[in-house]
file run-v4.pdb (PDB, C-alpha atoms, pLDDT in the B column)
ATOM      1  CA  MET A   1      56.892 124.773 -74.933  1.00 42.00           C
ATOM      2  CA  SER A   2      59.297 122.098 -76.191  1.00 41.00           C
ATOM      3  CA  GLY A   3      56.449 120.058 -77.678  1.00 46.00           C
ATOM      4  CA  LEU A   4      55.162 123.117 -79.494  1.00 45.00           C
ATOM      5  CA  LEU A   5      58.583 123.906 -80.903  1.00 44.00           C
ATOM      6  CA  TYR A   6      59.039 120.289 -82.000  1.00 44.00           C
ATOM      7  CA  ARG A   7      55.781 120.478 -83.987  1.00 49.00           C
ATOM      8  CA  ILE A   8      56.899 123.752 -85.535  1.00 48.00           C
ATOM      9  CA  GLY A   9      60.169 122.190 -86.597  1.00 49.00           C
ATOM     10  CA  ARG A  10      58.412 119.275 -88.281  1.00 49.00           C
ATOM     11  CA  SER A  11      55.865 121.464 -90.050  1.00 51.00           C
ATOM     12  CA  LEU A  12      58.491 123.937 -91.245  1.00 52.00           C
ATOM     13  CA  GLY A  13      60.635 121.160 -92.611  1.00 49.00           C
ATOM     14  CA  GLN A  14      57.788 119.399 -94.372  1.00 49.00           C
ATOM     15  CA  ALA A  15      56.459 122.609 -95.886  1.00 50.00           C
ATOM     16  CA  ALA A  16      59.800 124.008 -96.944  1.00 50.00           C
ATOM     17  CA  LEU A  17      61.458 121.032 -98.623  1.00 47.00           C
ATOM     18  CA  PRO A  18      59.710 121.104-102.027  1.00 52.00           C
ATOM     19  CA  VAL A  19      59.843 124.894-102.186  1.00 49.00           C
ATOM     20  CA  ILE A  20      63.539 124.970-101.275  1.00 49.00           C
ATOM     21  CA  ARG A  21      64.286 122.488-104.049  1.00 48.00           C
ATOM     22  CA  LYS A  22      62.324 124.578-106.538  1.00 50.00           C
ATOM     23  CA  ALA A  23      63.995 127.766-105.337  1.00 48.00           C
ATOM     24  CA  GLN A  24      67.439 126.219-105.606  1.00 49.00           C
ATOM     25  CA  TRP A  25      66.753 125.266-109.208  1.00 42.00           C
ATOM     26  CA  SER A  26      65.535 128.791-109.965  1.00 45.00           C
ATOM     27  CA  TRP A  27      68.630 130.406-108.472  1.00 47.00           C
ATOM     28  CA  GLN A  28      71.094 128.097-110.160  1.00 48.00           C
ATOM     29  CA  ALA A  29      69.501 127.952-113.605  1.00 42.00           C
ATOM     30  CA  VAL A  30      71.720 129.638-116.156  1.00 39.00           C
ATOM     31  CA  ALA A  31      68.756 131.395-117.757  1.00 47.00           C
ATOM     32  CA  GLY A  32      67.257 132.406-114.425  1.00 58.00           C
ATOM     33  CA  SER A  33      66.624 136.124-114.042  1.00 71.00           C
ATOM     34  CA  GLU A  34      66.692 138.355-110.996  1.00 74.00           C
ATOM     35  CA  GLU A  35      62.894 138.367-111.112  1.00 78.00           C
ATOM     36  CA  ASP A  36      62.891 134.562-111.033  1.00 75.00           C
ATOM     37  CA  ARG A  37      65.093 134.640-107.963  1.00 76.00           C
ATOM     38  CA  LEU A  38      62.890 137.137-106.158  1.00 80.00           C
ATOM     39  CA  ARG A  39      59.757 135.124-106.972  1.00 80.00           C
ATOM     40  CA  ALA A  40      61.420 131.991-105.618  1.00 77.00           C
ATOM     41  CA  GLU A  41      62.382 133.840-102.433  1.00 79.00           C
ATOM     42  CA  GLN A  42      58.818 135.100-102.019  1.00 83.00           C
ATOM     43  CA  GLU A  43      57.360 131.628-102.427  1.00 81.00           C
ATOM     44  CA  LEU A  44      59.772 130.093 -99.949  1.00 78.00           C
ATOM     45  CA  GLY A  45      59.260 132.856 -97.398  1.00 81.00           C
ATOM     46  CA  SER A  46      55.483 132.765 -97.764  1.00 84.00           C
ATOM     47  CA  THR A  47      55.404 129.029 -97.137  1.00 81.00           C
ATOM     48  CA  LEU A  48      57.476 129.308 -93.983  1.00 81.00           C
ATOM     49  CA  ALA A  49      55.682 132.435 -92.743  1.00 84.00           C
ATOM     50  CA  VAL A  50      52.314 130.671 -92.864  1.00 84.00           C
ATOM     51  CA  ARG A  51      53.620 127.959 -90.537  1.00 80.00           C
ATOM     52  CA  VAL A  52      55.230 130.444 -88.170  1.00 82.00           C
ATOM     53  CA  ARG A  53      51.990 132.413 -87.909  1.00 85.00           C
ATOM     54  CA  GLU A  54      49.893 129.296 -87.371  1.00 81.00           C
ATOM     55  CA  GLU A  55      51.933 128.229 -84.381  1.00 80.00           C
ATOM     56  CA  LEU A  56      53.373 131.382 -82.849  1.00 83.00           C
ATOM     57  CA  GLU A  57      51.662 134.541 -84.045  1.00 80.00           C
ATOM     58  CA  VAL A  58      50.658 136.918 -81.246  1.00 83.00           C
ATOM     59  CA  ARG A  59      46.969 137.772 -81.412  1.00 80.00           C
ATOM     60  CA  ASP A  60      46.388 139.505 -78.080  1.00 79.00           C
ATOM     61  CA  ALA A  61      48.835 142.430 -78.242  1.00 79.00           C
ATOM     62  CA  SER A  62      47.222 144.750 -80.743  1.00 89.00           C
ATOM     63  CA  ALA A  63      49.164 147.853 -79.665  1.00 92.00           C
ATOM     64  CA  ASP A  64      52.515 146.093 -80.012  1.00 94.00           C
ATOM     65  CA  THR A  65      51.500 144.533 -83.315  1.00 94.00           C
ATOM     66  CA  ALA A  66      50.453 147.914 -84.664  1.00 94.00           C
ATOM     67  CA  ARG A  67      53.728 149.428 -83.427  1.00 95.00           C
ATOM     68  CA  VAL A  68      56.023 146.991 -85.232  1.00 96.00           C
ATOM     69  CA  GLN A  69      53.889 146.967 -88.367  1.00 96.00           C
ATOM     70  CA  ALA A  70      54.006 150.758 -88.530  1.00 97.00           C
ATOM     71  CA  LEU A  71      57.766 150.733 -88.076  1.00 97.00           C
ATOM     72  CA  GLY A  72      58.083 148.157 -90.827  1.00 97.00           C
ATOM     73  CA  GLU A  73      56.052 150.340 -93.170  1.00 97.00           C
ATOM     74  CA  GLN A  74      58.184 153.377 -92.310  1.00 97.00           C
ATOM     75  CA  LEU A  75      61.395 151.569 -93.136  1.00 97.00           C
ATOM     76  CA  THR A  76      59.991 149.888 -96.250  1.00 97.00           C
ATOM     77  CA  ALA A  77      59.144 153.323 -97.656  1.00 96.00           C
ATOM     78  CA  HIS A  78      62.868 154.053 -97.723  1.00 96.00           C
ATOM     79  CA  VAL A  79      63.933 150.874 -99.515  1.00 95.00           C
ATOM     80  CA  ARG A  80      65.028 151.957-102.975  1.00 91.00           C
ATOM     81  CA  ASP A  81      64.331 148.642-104.682  1.00 88.00           C
ATOM     82  CA  ARG A  82      60.539 148.626-104.908  1.00 87.00           C
ATOM     83  CA  ARG A  83      60.477 144.955-105.797  1.00 87.00           C
ATOM     84  CA  PHE A  84      60.899 144.214-102.100  1.00 88.00           C
ATOM     85  CA  GLY A  85      57.923 144.279 -99.754  1.00 89.00           C
ATOM     86  CA  PHE A  86      58.145 143.609 -96.031  1.00 95.00           C
ATOM     87  CA  ARG A  87      55.687 142.339 -93.442  1.00 94.00           C
ATOM     88  CA  VAL A  88      56.539 142.562 -89.756  1.00 96.00           C
ATOM     89  CA  GLY A  89      54.796 140.528 -87.071  1.00 94.00           C
ATOM     90  CA  LEU A  90      55.140 139.283 -83.511  1.00 94.00           C
ATOM     91  CA  VAL A  91      55.719 135.755 -82.231  1.00 89.00           C
ATOM     92  CA  ARG A  92      55.245 134.164 -78.816  1.00 86.00           C
ATOM     93  CA  LEU A  93      58.732 133.130 -77.745  1.00 82.00           C
ATOM     94  CA  SER A  94      60.188 133.574 -74.285  1.00 82.00           C
ATOM     95  CA  GLU A  95      63.614 134.752 -75.470  1.00 84.00           C
ATOM     96  CA  PRO A  96      64.397 138.085 -77.157  1.00 88.00           C
ATOM     97  CA  THR A  97      64.796 137.040 -80.755  1.00 86.00           C
ATOM     98  CA  ALA A  98      64.020 138.026 -84.330  1.00 89.00           C
ATOM     99  CA  LEU A  99      64.080 136.262 -87.660  1.00 87.00           C
ATOM    100  CA  ALA A 100      63.916 137.245 -91.297  1.00 89.00           C
ATOM    101  CA  LEU A 101      62.531 134.887 -93.917  1.00 87.00           C
ATOM    102  CA  PRO A 102      63.229 135.154 -97.646  1.00 85.00           C
ATOM    103  CA  GLY A 103      60.706 137.342 -99.378  1.00 88.00           C
ATOM    104  CA  GLY A 104      60.558 139.960 -96.629  1.00 92.00           C
ATOM    105  CA  PHE A 105      58.798 138.324 -93.685  1.00 93.00           C
ATOM    106  CA  VAL A 106      60.195 139.596 -90.382  1.00 95.00           C
ATOM    107  CA  PHE A 107      59.157 138.383 -86.928  1.00 94.00           C
ATOM    108  CA  LEU A 108      60.068 139.780 -83.507  1.00 94.00           C
ATOM    109  CA  SER A 109      59.359 138.177 -80.161  1.00 91.00           C
ATOM    110  CA  LEU A 110      57.512 140.069 -77.457  1.00 91.00           C
ATOM    111  CA  ALA A 111      60.560 139.450 -75.253  1.00 91.00           C
ATOM    112  CA  LEU A 112      62.621 141.457 -77.737  1.00 92.00           C
ATOM    113  CA  LEU A 113      60.196 144.360 -77.428  1.00 95.00           C
ATOM    114  CA  ASP A 114      60.653 144.145 -73.664  1.00 93.00           C
ATOM    115  CA  LEU A 115      64.435 144.188 -74.064  1.00 92.00           C
ATOM    116  CA  CYS A 116      64.213 147.282 -76.266  1.00 94.00           C
ATOM    117  CA  GLN A 117      61.862 148.798 -73.663  1.00 94.00           C
ATOM    118  CA  ARG A 118      59.601 149.512 -76.631  1.00 95.00           C
ATOM    119  CA  TYR A 119      61.786 152.434 -77.711  1.00 96.00           C
ATOM    120  CA  GLU A 120      60.808 152.859 -81.320  1.00 97.00           C
ATOM    121  CA  ASP A 121      64.295 153.966 -82.386  1.00 98.00           C
ATOM    122  CA  GLU A 122      65.756 150.684 -81.102  1.00 97.00           C
ATOM    123  CA  LEU A 123      62.958 148.597 -82.590  1.00 98.00           C
ATOM    124  CA  ALA A 124      63.438 150.368 -85.924  1.00 98.00           C
ATOM    125  CA  PHE A 125      67.112 149.419 -85.834  1.00 98.00           C
ATOM    126  CA  VAL A 126      66.332 145.746 -85.099  1.00 97.00           C
ATOM    127  CA  ILE A 127      63.691 145.609 -87.845  1.00 98.00           C
ATOM    128  CA  GLY A 128      66.051 147.364 -90.236  1.00 97.00           C
ATOM    129  CA  HIS A 129      68.772 144.840 -89.377  1.00 96.00           C
ATOM    130  CA  GLU A 130      66.484 141.930 -90.278  1.00 94.00           C
ATOM    131  CA  MET A 131      65.276 143.678 -93.434  1.00 96.00           C
ATOM    132  CA  ALA A 132      68.907 144.116 -94.440  1.00 95.00           C
ATOM    133  CA  HIS A 133      69.439 140.347 -94.289  1.00 92.00           C
ATOM    134  CA  VAL A 134      66.634 139.985 -96.840  1.00 92.00           C
ATOM    135  CA  LEU A 135      67.808 142.849 -99.063  1.00 93.00           C
ATOM    136  CA  ARG A 136      71.363 141.518 -99.187  1.00 91.00           C
ATOM    137  CA  GLY A 137      70.213 137.947 -99.849  1.00 86.00           C
ATOM    138  CA  HIS A 138      71.553 136.553 -96.575  1.00 82.00           C
ATOM    139  CA  ALA A 139      68.226 135.001 -95.554  1.00 78.00           C
ATOM    140  CA  ALA A 140      67.782 133.203 -98.876  1.00 75.00           C
ATOM    141  CA  ASP A 141      71.407 132.064 -99.044  1.00 75.00           C
ATOM    142  CA  ARG A 142      71.091 130.409 -95.646  1.00 70.00           C
ATOM    143  CA  MET A 143      68.057 128.444 -96.779  1.00 66.00           C
ATOM    144  CA  LEU A 144      69.901 127.173 -99.837  1.00 63.00           C
ATOM    145  CA  GLU A 145      73.076 126.090 -98.118  1.00 61.00           C
ATOM    146  CA  GLU A 146      73.793 122.423 -98.674  1.00 46.00           C
ATOM    147  CA  SER A 147      73.976 121.745 -94.960  1.00 45.00           C
ATOM    148  CA  ALA A 148      70.539 123.245 -94.404  1.00 50.00           C
ATOM    149  CA  LEU A 149      69.098 121.172 -97.235  1.00 50.00           C
ATOM    150  CA  LYS A 150      70.542 118.025 -95.705  1.00 51.00           C
ATOM    151  CA  VAL A 151      68.971 118.830 -92.350  1.00 46.00           C
ATOM    152  CA  VAL A 152      65.553 119.463 -93.854  1.00 45.00           C
ATOM    153  CA  SER A 153      65.768 116.448 -96.177  1.00 46.00           C
ATOM    154  CA  GLY A 154      66.649 114.231 -93.244  1.00 47.00           C
ATOM    155  CA  LEU A 155      63.323 115.104 -91.678  1.00 41.00           C
ATOM    156  CA  LEU A 156      61.591 112.877 -94.205  1.00 39.00           C
ATOM    157  CA  ARG A 157      63.889 109.914 -93.561  1.00 43.00           C
ATOM    158  CA  ARG A 158      63.900 109.617 -89.790  1.00 40.00           C
ATOM    159  CA  ALA A 159      62.538 111.166 -86.611  1.00 37.00           C
ATOM    160  CA  GLY A 160      63.372 114.685 -87.708  1.00 41.00           C
ATOM    161  CA  PRO A 161      66.691 116.428 -86.988  1.00 41.00           C
ATOM    162  CA  LEU A 162      65.213 119.845 -87.728  1.00 39.00           C
ATOM    163  CA  GLY A 163      62.393 119.116 -85.317  1.00 42.00           C
ATOM    164  CA  LEU A 164      64.882 118.019 -82.677  1.00 42.00           C
ATOM    165  CA  LEU A 165      66.979 121.119 -83.259  1.00 38.00           C
ATOM    166  CA  VAL A 166      63.977 123.378 -82.853  1.00 40.00           C
ATOM    167  CA  LYS A 167      62.841 121.398 -79.817  1.00 40.00           C
ATOM    168  CA  GLU A 168      66.189 122.013 -78.142  1.00 39.00           C
ATOM    169  CA  ALA A 169      66.881 125.574 -79.234  1.00 40.00           C
ATOM    170  CA  GLY A 170      63.656 127.142 -80.447  1.00 39.00           C
ATOM    171  CA  PHE A 171      64.222 129.027 -83.673  1.00 46.00           C
ATOM    172  CA  GLN A 172      67.993 128.968 -83.310  1.00 49.00           C
ATOM    173  CA  ALA A 173      68.345 127.473 -86.787  1.00 52.00           C
ATOM    174  CA  LEU A 174      66.665 130.535 -88.265  1.00 56.00           C
ATOM    175  CA  THR A 175      67.793 133.215 -85.820  1.00 53.00           C
ATOM    176  CA  ALA A 176      71.456 132.312 -85.270  1.00 58.00           C
ATOM    177  CA  ALA A 177      73.982 134.782 -86.542  1.00 61.00           C
ATOM    178  CA  TYR A 178      74.975 134.886 -90.164  1.00 71.00           C
ATOM    179  CA  ALA A 179      78.638 135.270 -91.057  1.00 78.00           C
ATOM    180  CA  ARG A 180      80.295 138.076 -89.128  1.00 84.00           C
ATOM    181  CA  GLU A 181      80.593 140.223 -92.232  1.00 87.00           C
ATOM    182  CA  ALA A 182      76.889 139.776 -92.966  1.00 89.00           C
ATOM    183  CA  GLU A 183      75.962 140.797 -89.416  1.00 91.00           C
ATOM    184  CA  PHE A 184      78.040 143.964 -89.597  1.00 94.00           C
ATOM    185  CA  GLU A 185      76.580 144.721 -93.031  1.00 94.00           C
ATOM    186  CA  ALA A 186      73.055 144.272 -91.661  1.00 94.00           C
ATOM    187  CA  ASP A 187      73.839 146.548 -88.704  1.00 95.00           C
ATOM    188  CA  GLU A 188      75.057 149.259 -91.067  1.00 96.00           C
ATOM    189  CA  LEU A 189      72.201 149.032 -93.546  1.00 96.00           C
ATOM    190  CA  GLY A 190      69.661 148.626 -90.749  1.00 97.00           C
ATOM    191  CA  SER A 191      70.871 151.775 -89.046  1.00 97.00           C
ATOM    192  CA  ARG A 192      70.764 153.665 -92.357  1.00 97.00           C
ATOM    193  CA  LEU A 193      67.183 152.547 -93.020  1.00 97.00           C
ATOM    194  CA  ALA A 194      66.170 153.549 -89.494  1.00 97.00           C
ATOM    195  CA  ALA A 195      67.841 156.944 -89.874  1.00 97.00           C
ATOM    196  CA  ALA A 196      66.164 157.527 -93.247  1.00 97.00           C
ATOM    197  CA  ALA A 197      62.816 156.861 -91.553  1.00 97.00           C
ATOM    198  CA  GLY A 198      63.534 159.513 -88.935  1.00 97.00           C
ATOM    199  CA  HIS A 199      64.960 157.385 -86.123  1.00 97.00           C
ATOM    200  CA  HIS A 200      68.245 158.001 -84.353  1.00 96.00           C
ATOM    201  CA  PRO A 201      71.029 156.276 -86.320  1.00 94.00           C
ATOM    202  CA  LEU A 202      72.845 155.201 -83.155  1.00 95.00           C
ATOM    203  CA  ALA A 203      69.848 153.693 -81.364  1.00 96.00           C
ATOM    204  CA  GLY A 204      71.470 150.328 -81.982  1.00 95.00           C
ATOM    205  CA  VAL A 205      74.445 151.433 -79.918  1.00 95.00           C
ATOM    206  CA  ARG A 206      72.150 152.126 -76.983  1.00 94.00           C
ATOM    207  CA  LEU A 207      70.684 148.632 -77.322  1.00 94.00           C
ATOM    208  CA  PHE A 208      74.120 147.026 -77.511  1.00 92.00           C
ATOM    209  CA  GLU A 209      75.290 148.988 -74.462  1.00 92.00           C
ATOM    210  CA  ARG A 210      72.330 147.601 -72.533  1.00 89.00           C
ATOM    211  CA  LEU A 211      73.180 144.093 -73.734  1.00 86.00           C
ATOM    212  CA  GLN A 212      76.799 144.596 -72.722  1.00 84.00           C
ATOM    213  CA  ALA A 213      75.755 145.680 -69.236  1.00 84.00           C
ATOM    214  CA  GLN A 214      73.448 142.694 -68.829  1.00 78.00           C
ATOM    215  CA  ALA A 215      76.108 140.281 -70.048  1.00 69.00           C
ATOM    216  CA  SER A 216      78.526 141.544 -67.402  1.00 64.00           C
ATOM    217  CA  GLU A 217      76.109 140.854 -64.561  1.00 57.00           C
ATOM    218  CA  PRO A 218      76.753 137.779 -62.378  1.00 47.00           C
ATOM    219  CA  ALA A 219      73.655 136.037 -63.711  1.00 41.00           C
ATOM    220  CA  PRO A 220      72.596 137.522 -67.044  1.00 45.00           C
ATOM    221  CA  THR A 221      69.078 136.565 -67.965  1.00 50.00           C
ATOM    222  CA  GLY A 222      66.992 136.482 -71.099  1.00 55.00           C
ATOM    223  CA  LEU A 223      69.591 137.332 -73.732  1.00 60.00           C
ATOM    224  CA  GLY A 224      69.050 134.110 -75.636  1.00 59.00           C
ATOM    225  CA  ALA A 225      70.754 132.517 -78.615  1.00 61.00           C
ATOM    226  CA  TYR A 226      69.882 135.394 -80.943  1.00 67.00           C
ATOM    227  CA  PHE A 227      72.341 137.802 -79.324  1.00 72.00           C
ATOM    228  CA  ALA A 228      74.730 135.172 -77.982  1.00 68.00           C
ATOM    229  CA  SER A 229      75.450 133.949 -81.514  1.00 64.00           C
ATOM    230  CA  HIS A 230      76.068 137.408 -82.992  1.00 78.00           C
ATOM    231  CA  PRO A 231      79.326 139.363 -82.793  1.00 86.00           C
ATOM    232  CA  SER A 232      79.834 140.825 -79.338  1.00 88.00           C
ATOM    233  CA  PRO A 233      78.024 144.046 -78.407  1.00 90.00           C
ATOM    234  CA  ALA A 234      81.409 145.796 -78.058  1.00 92.00           C
ATOM    235  CA  GLU A 235      82.367 144.879 -81.639  1.00 93.00           C
ATOM    236  CA  ARG A 236      79.029 146.048 -82.980  1.00 94.00           C
ATOM    237  CA  ILE A 237      79.253 149.316 -81.040  1.00 95.00           C
ATOM    238  CA  ARG A 238      82.693 149.984 -82.532  1.00 95.00           C
ATOM    239  CA  HIS A 239      81.487 149.158 -86.033  1.00 95.00           C
ATOM    240  CA  LEU A 240      78.476 151.474 -85.861  1.00 96.00           C
ATOM    241  CA  GLY A 241      80.684 154.171 -84.341  1.00 94.00           C
ATOM    242  CA  ARG A 242      82.951 153.990 -87.385  1.00 95.00           C
ATOM    243  CA  VAL A 243      80.003 154.034 -89.790  1.00 94.00           C
ATOM    244  CA  TRP A 244      78.502 157.174 -88.265  1.00 95.00           C
ATOM    245  CA  LYS A 245      81.678 158.941 -87.161  1.00 92.00           C
ATOM    246  CA  GLY A 246      81.373 162.657 -87.867  1.00 85.00           C
ATOM    247  CA  LYS A 247      77.835 162.263 -89.240  1.00 84.00           C
ATOM    248  CA  VAL A 248      75.744 162.625 -86.073  1.00 75.00           C
TER     249      VAL A 248
END
call {"tool": "encode", "arguments": {"input": "run-v4.pdb", "output": "structure tokens"}}
result
Amino acid sequence: MSGLLYRIGRSLGQAALPVIRKAQWSWQAVAGSEEDRLRAEQELGSTLAVRVREELEVRDASADTARVQALGEQLTAHVRDRRFGFRVGLVRLSEPTALALPGGFVFLSLALLDLCQRYEDELAFVIGHEMAHVLRGHAADRMLEESALKVVSGLLRRAGPLGLLVKEAGFQALTAAYAREAEFEADELGSRLAAAAGHHPLAGVRLFERLQAQASEPAPTGLGAYFASHPSPAERIRHLGRVWKGKV
């Protein structure tokens, strides 16, 4: 698996560098419009999504693929800004993880579906959370951070720090937590999108309670960097409780 992830890291870095530079110019240009920014996000996300699919897309789980795609369509129908489109897919990674790419490309691992026990309310919350990162610009901002640019640029000068990072930690560079405030914002908006699509607004709480129980076991297994790098389940439970207090 490590060799596969190393190749993914190299290909992502090589594909993304020119598009990131173009996107950065589009965002920072004084005359740049919101439409310019969204087009730049779409181009960057499309480039990265192609590489992710080439290496990791799940092709032998049609029922699961149909499930997450249908959930993505349900939630997208309740996004007010029609300029955003979302595509949800599955990736072959052993840890429960998810990632959102600029432009609306969302990927979940099969291990994450297992963790959610395929409860559609919980999966809708997770997908909504990742969609929220795109809607609020978190996914694009991460790609344009100076530190991220330095990492990707370094790939062309030496053995490949992004490749080494991915080799050691899978997609940790893309799936690690955003700033705490961004994570709480994504939880809130994700739960609202899920609720608007007919799912229980506190399904995320049930997922976090399961995570909390697993983390307290003597030898917790399978939680991965995706959840370990986010705010604690207890904090997220409290936050969602405040958001929905008196409403459900």
call {"tool": "closest_residue", "arguments": {"input": "run-v4.pdb", "among": "A:Ala66, A:Tyr178, A:His199, A:Ala140", "to": "Gly128 (chain A)", "atoms": "all atoms listed in the file"}}
result
A:His199
call {"tool": "atom_distance", "arguments": {"input": "run-v4.pdb", "atom1": "CA of Val88 (chain A)", "atom2": "CA of Arg236 (chain A)"}}
result
23.7 Å
call {"tool": "atom_distance", "arguments": {"input": "run-v4.pdb", "atom1": "CA of Glu120 (chain A)", "atom2": "CA of His239 (chain A)"}}
result
21.5 Å
call {"tool": "resolve_selection", "arguments": {"input": "run-v4.pdb", "expression": "the PyMOL selection byres ((chain A and resi 202) around 12)", "output": "PyMOL selection string"}}
result
chain A and resi 121-126+187-188+190-195+198-201+203-209+236-245+247-248
call {"tool": "write_last_selection", "arguments": {"input": "run-v4.pdb", "atoms": "C-alpha atoms", "output": "PDB file, in the coordinates of the input"}}
result
ATOM      1  CA  ASP A 121      64.295 153.966 -82.386  1.00 98.00           C
ATOM      2  CA  GLU A 122      65.756 150.684 -81.102  1.00 97.00           C
ATOM      3  CA  LEU A 123      62.958 148.597 -82.590  1.00 98.00           C
ATOM      4  CA  ALA A 124      63.438 150.368 -85.924  1.00 98.00           C
ATOM      5  CA  PHE A 125      67.112 149.419 -85.834  1.00 98.00           C
ATOM      6  CA  VAL A 126      66.332 145.746 -85.099  1.00 97.00           C
ATOM      7  CA  ASP A 187      73.839 146.548 -88.704  1.00 95.00           C
ATOM      8  CA  GLU A 188      75.057 149.259 -91.067  1.00 96.00           C
ATOM      9  CA  GLY A 190      69.661 148.626 -90.749  1.00 97.00           C
ATOM     10  CA  SER A 191      70.871 151.775 -89.046  1.00 97.00           C
ATOM     11  CA  ARG A 192      70.764 153.665 -92.357  1.00 97.00           C
ATOM     12  CA  LEU A 193      67.183 152.547 -93.020  1.00 97.00           C
ATOM     13  CA  ALA A 194      66.170 153.549 -89.494  1.00 97.00           C
ATOM     14  CA  ALA A 195      67.841 156.944 -89.874  1.00 97.00           C
ATOM     15  CA  GLY A 198      63.534 159.513 -88.935  1.00 97.00           C
ATOM     16  CA  HIS A 199      64.960 157.385 -86.123  1.00 97.00           C
ATOM     17  CA  HIS A 200      68.245 158.001 -84.353  1.00 96.00           C
ATOM     18  CA  PRO A 201      71.029 156.276 -86.320  1.00 94.00           C
ATOM     19  CA  ALA A 203      69.848 153.693 -81.364  1.00 96.00           C
ATOM     20  CA  GLY A 204      71.470 150.328 -81.982  1.00 95.00           C
ATOM     21  CA  VAL A 205      74.445 151.433 -79.918  1.00 95.00           C
ATOM     22  CA  ARG A 206      72.150 152.126 -76.983  1.00 94.00           C
ATOM     23  CA  LEU A 207      70.684 148.632 -77.322  1.00 94.00           C
ATOM     24  CA  PHE A 208      74.120 147.026 -77.511  1.00 92.00           C
ATOM     25  CA  GLU A 209      75.290 148.988 -74.462  1.00 92.00           C
ATOM     26  CA  ARG A 236      79.029 146.048 -82.980  1.00 94.00           C
ATOM     27  CA  ILE A 237      79.253 149.316 -81.040  1.00 95.00           C
ATOM     28  CA  ARG A 238      82.693 149.984 -82.532  1.00 95.00           C
ATOM     29  CA  HIS A 239      81.487 149.158 -86.033  1.00 95.00           C
ATOM     30  CA  LEU A 240      78.476 151.474 -85.861  1.00 96.00           C
ATOM     31  CA  GLY A 241      80.684 154.171 -84.341  1.00 94.00           C
ATOM     32  CA  ARG A 242      82.951 153.990 -87.385  1.00 95.00           C
ATOM     33  CA  VAL A 243      80.003 154.034 -89.790  1.00 94.00           C
ATOM     34  CA  TRP A 244      78.502 157.174 -88.265  1.00 95.00           C
ATOM     35  CA  LYS A 245      81.678 158.941 -87.161  1.00 92.00           C
ATOM     36  CA  LYS A 247      77.835 162.263 -89.240  1.00 84.00           C
ATOM     37  CA  VAL A 248      75.744 162.625 -86.073  1.00 75.00           C
TER      38      VAL A 248
END
call {"tool": "closest_residue", "arguments": {"input": "run-v4.pdb", "among": "A:Ala234, A:Ile127, A:Ala63, A:Leu44", "to": "Ala213 (chain A)", "atoms": "only C-alpha atoms"}}
result
A:Ala234
call {"tool": "atom_distance", "arguments": {"input": "run-v4.pdb", "atom1": "CA of Gln69 (chain A)", "atom2": "CA of Ala49 (chain A)"}}
result
15.3 Å
call {"tool": "residues_around", "arguments": {"input": "run-v4.pdb", "residues": "region 101-107 of chain A", "least_positions_apart": "6", "cutoff": "6 Å", "atoms": "all atoms listed in the file", "output": "PyMOL selection string"}}
result
chain A and resi 41-42+45+85-90+134+139-140
call {"tool": "closest_residue", "arguments": {"input": "run-v4.pdb", "among": "A:Ala111, A:Ala70, A:Val91, A:Ala182", "to": "Gly137 (chain A)", "atoms": "only C-alpha atoms"}}
result
A:Ala182
call {"tool": "closest_residue", "arguments": {"input": "run-v4.pdb", "among": "A:Arg83, A:Ser232, A:His138, A:Ala196", "to": "Gln212 (chain A)", "atoms": "only C-alpha atoms"}}
result
A:Ser232
call {"tool": "resolve_selection", "arguments": {"input": "run-v4.pdb", "expression": "the PyMOL selection byres ((chain A and resi 110) around 12)", "output": "NGL selection string"}}
result
:A and (56-65 or 67-68 or 89-98 or 107-109 or 111-118 or 123 or 222)
call {"tool": "closest_residue", "arguments": {"input": "run-v4.pdb", "among": "A:Leu71, A:Val50, A:Leu211, A:Ala100", "to": "Arg136 (chain A)", "atoms": "all atoms listed in the file"}}
result
A:Ala100
call {"tool": "decode", "arguments": {"input": "run-v4.pdb", "residues": "region 57-65 of chain A", "atoms": "N, CA and C atoms", "output": "tab-separated table (two decimals), in the first residue's frame"}}
result
chain	number	residue	atom	x	y	z
A	57	GLU	N	-10.11	4.72	-7.02
A	57	GLU	CA	-11.56	4.62	-7.13
A	57	GLU	C	-12.01	3.17	-6.97
A	58	VAL	N	-13.10	2.99	-6.23
A	58	VAL	CA	-13.68	1.67	-6.02
A	58	VAL	C	-14.57	1.33	-7.20
A	59	ARG	N	-14.34	0.19	-7.81
A	59	ARG	CA	-15.12	-0.20	-8.99
A	59	ARG	C	-15.92	-1.48	-8.78
A	60	ASP	N	-15.82	-2.07	-7.60
A	60	ASP	CA	-16.48	-3.36	-7.38
A	60	ASP	C	-17.44	-3.31	-6.21
A	61	ALA	N	-18.01	-2.14	-5.94
A	61	ALA	CA	-18.98	-1.98	-4.85
A	61	ALA	C	-20.11	-1.10	-5.34
A	62	SER	N	-20.83	-1.62	-6.34
A	62	SER	CA	-21.83	-0.80	-7.03
A	62	SER	C	-22.93	-0.31	-6.10
A	63	ALA	N	-23.35	-1.16	-5.14
A	63	ALA	CA	-24.42	-0.74	-4.23
A	63	ALA	C	-23.97	0.41	-3.35
A	64	ASP	N	-22.74	0.32	-2.83
A	64	ASP	CA	-22.22	1.40	-1.99
A	64	ASP	C	-22.00	2.66	-2.80
A	65	THR	N	-21.48	2.50	-4.01
A	65	THR	CA	-21.27	3.67	-4.87
A	65	THR	C	-22.59	4.37	-5.15
